[in-house]
Amino acid sequence: MMASASLPETTMSDRNSAAHKLVCICDTHLVPGGQMLHGLDPEARLRACIADIVQNHADAFACVILGDLAHKAEPAAYDLFREIVAPLPMPVHLMIGNHDRRSLLRERIPVAPSDENGFVQSAFDTPVGRFILMDTVEEGSNGGSYCEERQTWLVGQLEHAGDRDIYLFMHHPPFDCGIPCLDRIGQNDQADIARIVGGDARIKHLFLGHVHRPMAGSWKGIPFSSARATNHQVPFDLRELDHVPKSDEGPQYRVIFMQPDQVVVHFHDYLS
């Protein structure tokens with residue numbers, strides 16, 4: 001019998017080191033320093049999040065923060081946000097959520113992106129493909145919208161991507177998630193977004209905010225994930241409709257290992 005040749009062992013750390021690491025934070029809901037929100041301290045929780053990333057994931061190629069940066073869009077809250085995230089060593093890409101206000105966000109955090117129509121959305125190339133960060137906010141409403149101007153922008157960005165892999169980022173999910181109180185304040189233009197992106201094999205993952213819960217699955221053939229926020233969470237309540245209940249489940253952020261043939265999303269409970 002012929003002896004088989006021994007092959008060099010490939011460890012998990014070797015495989016992870018070959019992947020590109022992305023960090024995602026969502027729904028920081030900052031208030032001015034020293035204030036509490038729903039019985040919790042959003043400043044302390046975000047500072048702990050940033051410290052954990054700096055200590056353990058400084059090698060990430062980017063950090064995306066998926067909206068609801070401030071709870072009431074107060075200038076002092078945006079100033080505090082800018083100060084807290086400053087230690088992150090990687091490029092930080094900001095999005096807008098329904099608790100934010102475009103003009104004030106851009107005024108207090110000048111690095112926030114803006115498209116030609118004034119929406120806080122952007123698209124750029126990364127080591128793993130093209131990132132498209134969408135502005136789903138309808139100011140004055142907790143629900144999301146994606147108007148014709150934004151749809152035209154999205155179509156253009158998809159065309160510009162060519163044959164590159166694409167990763168989408170949205171604050172509001174473009175589908176109902178099955179939790180009534182969240183679906184009540186969900187995305188209003190689901191069919192339009194589905195028409196534009198549904199079935200596009202170049203789209204490898206859709207990263208979401210807004211729901212304050214870990215959630216994963218697929219929609220129109222596109223894998224998606226959301227995570228708990230850095231302050232308060234939304235409980236898994238299938239009965240409540242009229243208001244969004246809150247819970248003090250632990251905060252988390254996502255650490256994503258990205259390779260051409262796979263995306264692995266880790267939900268990290270950083271206060272555990």
# chains A, B, ... in the order shown; residues from 1 in each chain; ligands from 1
call {"tool": "closest_atom_pairs", "arguments": {"of": "segment 50-107 of chain A", "to": "segment 215-233 of chain A", "cutoff": "12 Å", "atoms": "only C-alpha atoms", "output": "tab-separated table"}}
result
residue	atom	partner	partner_atom	distance
A:Ile50	CA	A:Thr230	CA	10.3
A:Ile65	CA	A:Ala229	CA	10.6
A:Leu66	CA	A:Ser226	CA	9.9
A:Gly67	CA	A:Ala229	CA	10.4
A:Asp68	CA	A:Ala229	CA	9.7
A:Leu69	CA	A:Thr230	CA	10.3
A:Ala70	CA	A:Asn231	CA	11.2
A:His71	CA	A:Asn231	CA	10.4
call {"tool": "select_by_dssp", "arguments": {"residues": "segment 35-145 of chain A", "states": "alpha helix (DSSP H)", "output": "PyMOL selection string"}}
result
chain A and resi 42-56+75-85+102-108
call {"tool": "closest_residue", "arguments": {"among": "A:Leu80, A:Val128, A:Ala60, A:Cys26", "to": "Arg47 of chain A", "atoms": "only C-alpha atoms"}}
result
A:Leu80
call {"tool": "residues_around", "arguments": {"residues": "Phe267 of chain A", "least_positions_apart": "5", "cutoff": "9 Å", "atoms": "only C-alpha atoms", "output": "PyMOL selection string"}}
result
chain A and resi 214+227-228+252-256
call {"tool": "write_last_selection", "arguments": {"atoms": "N, CA and C atoms", "output": "PDB file, in the first residue's frame"}}
result
ATOM      1  N   PRO A 214     -30.755  40.281  17.042  1.00  0.00           N
ATOM      2  CA  PRO A 214     -30.043  39.423  16.101  1.00  0.00           C
ATOM      3  C   PRO A 214     -31.051  38.690  15.231  1.00  0.00           C
ATOM      4  N   ALA A 227     -28.398  42.909  14.149  1.00  0.00           N
ATOM      5  CA  ALA A 227     -27.804  42.613  15.459  1.00  0.00           C
ATOM      6  C   ALA A 227     -28.451  43.489  16.519  1.00  0.00           C
ATOM      7  N   ARG A 228     -28.185  43.145  17.783  1.00  0.00           N
ATOM      8  CA  ARG A 228     -28.629  44.002  18.874  1.00  0.00           C
ATOM      9  C   ARG A 228     -27.870  45.326  18.828  1.00  0.00           C
ATOM     10  N   GLN A 252     -24.354  44.251  21.510  1.00  0.00           N
ATOM     11  CA  GLN A 252     -23.419  43.497  20.688  1.00  0.00           C
ATOM     12  C   GLN A 252     -23.049  44.302  19.446  1.00  0.00           C
ATOM     13  N   TYR A 253     -21.998  43.844  18.783  1.00  0.00           N
ATOM     14  CA  TYR A 253     -21.696  44.332  17.444  1.00  0.00           C
ATOM     15  C   TYR A 253     -21.284  43.132  16.601  1.00  0.00           C
ATOM     16  N   ARG A 254     -21.215  43.336  15.295  1.00  0.00           N
ATOM     17  CA  ARG A 254     -20.899  42.237  14.387  1.00  0.00           C
ATOM     18  C   ARG A 254     -19.438  42.303  13.932  1.00  0.00           C
ATOM     19  N   VAL A 255     -18.811  41.154  13.925  1.00  0.00           N
ATOM     20  CA  VAL A 255     -17.485  40.980  13.325  1.00  0.00           C
ATOM     21  C   VAL A 255     -17.668  40.017  12.164  1.00  0.00           C
ATOM     22  N   ILE A 256     -17.313  40.464  10.966  1.00  0.00           N
ATOM     23  CA  ILE A 256     -17.598  39.700   9.753  1.00  0.00           C
ATOM     24  C   ILE A 256     -16.289  39.327   9.063  1.00  0.00           C
TER      25      ILE A 256
END
call {"tool": "residues_around", "arguments": {"residues": "Ala123 of chain A", "least_positions_apart": "3", "cutoff": "8 Å", "atoms": "only C-alpha atoms", "output": "list of chain:residue names"}}
result
A:Arg130, A:Phe131, A:Ile132, A:Leu133, A:Gln157
call {"tool": "closest_residue", "arguments": {"among": "A:Asp237, A:Glu83, A:Ala19, A:Gly143", "to": "Phe257 of chain A", "atoms": "only C-alpha atoms"}}
result
A:Ala19
call {"tool": "atom_distance", "arguments": {"atom1": "atom CA of Cys177 of chain A", "atom2": "atom CA of Leu206 of chain A"}}
result
13.9 Å
call {"tool": "residues_around", "arguments": {"residues": "Trp153 of chain A", "least_positions_apart": "3", "cutoff": "12 Å", "atoms": "only C-alpha atoms", "output": "list in words"}}
result
Ser114, Asp115, Glu116, Asn117, Gly118, Phe119, Val120, Gln121, Ser122, Ala123, Ile132, Leu133, Met134, Asp135, Tyr146, Cys147, Glu148, Glu149, Arg150, Gly156, Gln157, Leu158, Glu159, His160, Ile193 and Ile196 of chain A
call {"tool": "select_by_dssp", "arguments": {"residues": "segment 43-112 of chain A", "states": "strand (DSSP E)", "output": "list in words"}}
result
Ala62, Cys63, Val64, Ile65, Val92, His93 and Leu94 of chain A
call {"tool": "write_last_selection", "arguments": {"atoms": "all heavy atoms", "output": "compact mmCIF listing (two decimals), in the first residue's frame"}}
result
# COMPACT_ATOMS: atom_id res chain seq x y z
N ALA A 62 -12.53 48.10 7.82
CA ALA A 62 -13.52 49.18 7.88
C ALA A 62 -14.49 48.91 9.02
O ALA A 62 -14.63 47.78 9.49
CB ALA A 62 -14.28 49.31 6.56
N CYS A 63 -15.17 49.97 9.43
CA CYS A 63 -16.27 49.88 10.39
C CYS A 63 -17.45 50.64 9.80
O CYS A 63 -17.30 51.80 9.39
CB CYS A 63 -15.88 50.48 11.74
SG CYS A 63 -17.24 50.58 12.95
N VAL A 64 -18.60 49.98 9.72
CA VAL A 64 -19.83 50.63 9.25
C VAL A 64 -20.78 50.76 10.44
O VAL A 64 -21.01 49.79 11.18
CB VAL A 64 -20.50 49.82 8.13
CG1 VAL A 64 -21.81 50.50 7.70
CG2 VAL A 64 -19.56 49.69 6.93
N ILE A 65 -21.32 51.96 10.64
CA ILE A 65 -22.27 52.23 11.72
C ILE A 65 -23.61 52.55 11.08
O ILE A 65 -23.74 53.56 10.39
CB ILE A 65 -21.77 53.35 12.64
CG1 ILE A 65 -20.35 53.02 13.15
CG2 ILE A 65 -22.73 53.55 13.81
CD1 ILE A 65 -19.76 54.04 14.08
N VAL A 92 -14.15 54.70 9.10
CA VAL A 92 -15.50 54.56 9.66
C VAL A 92 -16.49 55.16 8.67
O VAL A 92 -16.34 56.31 8.24
CB VAL A 92 -15.60 55.26 11.02
CG1 VAL A 92 -17.03 55.18 11.55
CG2 VAL A 92 -14.62 54.66 12.01
N HIS A 93 -17.51 54.39 8.31
CA HIS A 93 -18.52 54.82 7.35
C HIS A 93 -19.86 54.92 8.07
O HIS A 93 -20.33 53.94 8.66
CB HIS A 93 -18.60 53.84 6.18
CG HIS A 93 -17.30 53.67 5.46
ND1 HIS A 93 -16.85 54.56 4.50
CD2 HIS A 93 -16.32 52.72 5.58
CE1 HIS A 93 -15.67 54.16 4.05
NE2 HIS A 93 -15.33 53.06 4.68
N LEU A 94 -20.46 56.11 8.02
CA LEU A 94 -21.67 56.39 8.78
C LEU A 94 -22.92 56.31 7.92
O LEU A 94 -22.90 56.66 6.73
CB LEU A 94 -21.59 57.79 9.40
CG LEU A 94 -20.39 58.06 10.32
CD1 LEU A 94 -20.46 59.48 10.85
CD2 LEU A 94 -20.34 57.05 11.47
call {"tool": "closest_residue", "arguments": {"among": "A:Ala194, A:Val155, A:Leu271, A:Met95", "to": "Ile109 of chain A", "atoms": "only C-alpha atoms"}}
result
A:Met95
call {"tool": "closest_residue", "arguments": {"among": "A:Ile25, A:Gln35, A:Gly186, A:Pro127", "to": "Phe169 of chain A", "atoms": "only C-alpha atoms"}}
result
A:Ile25
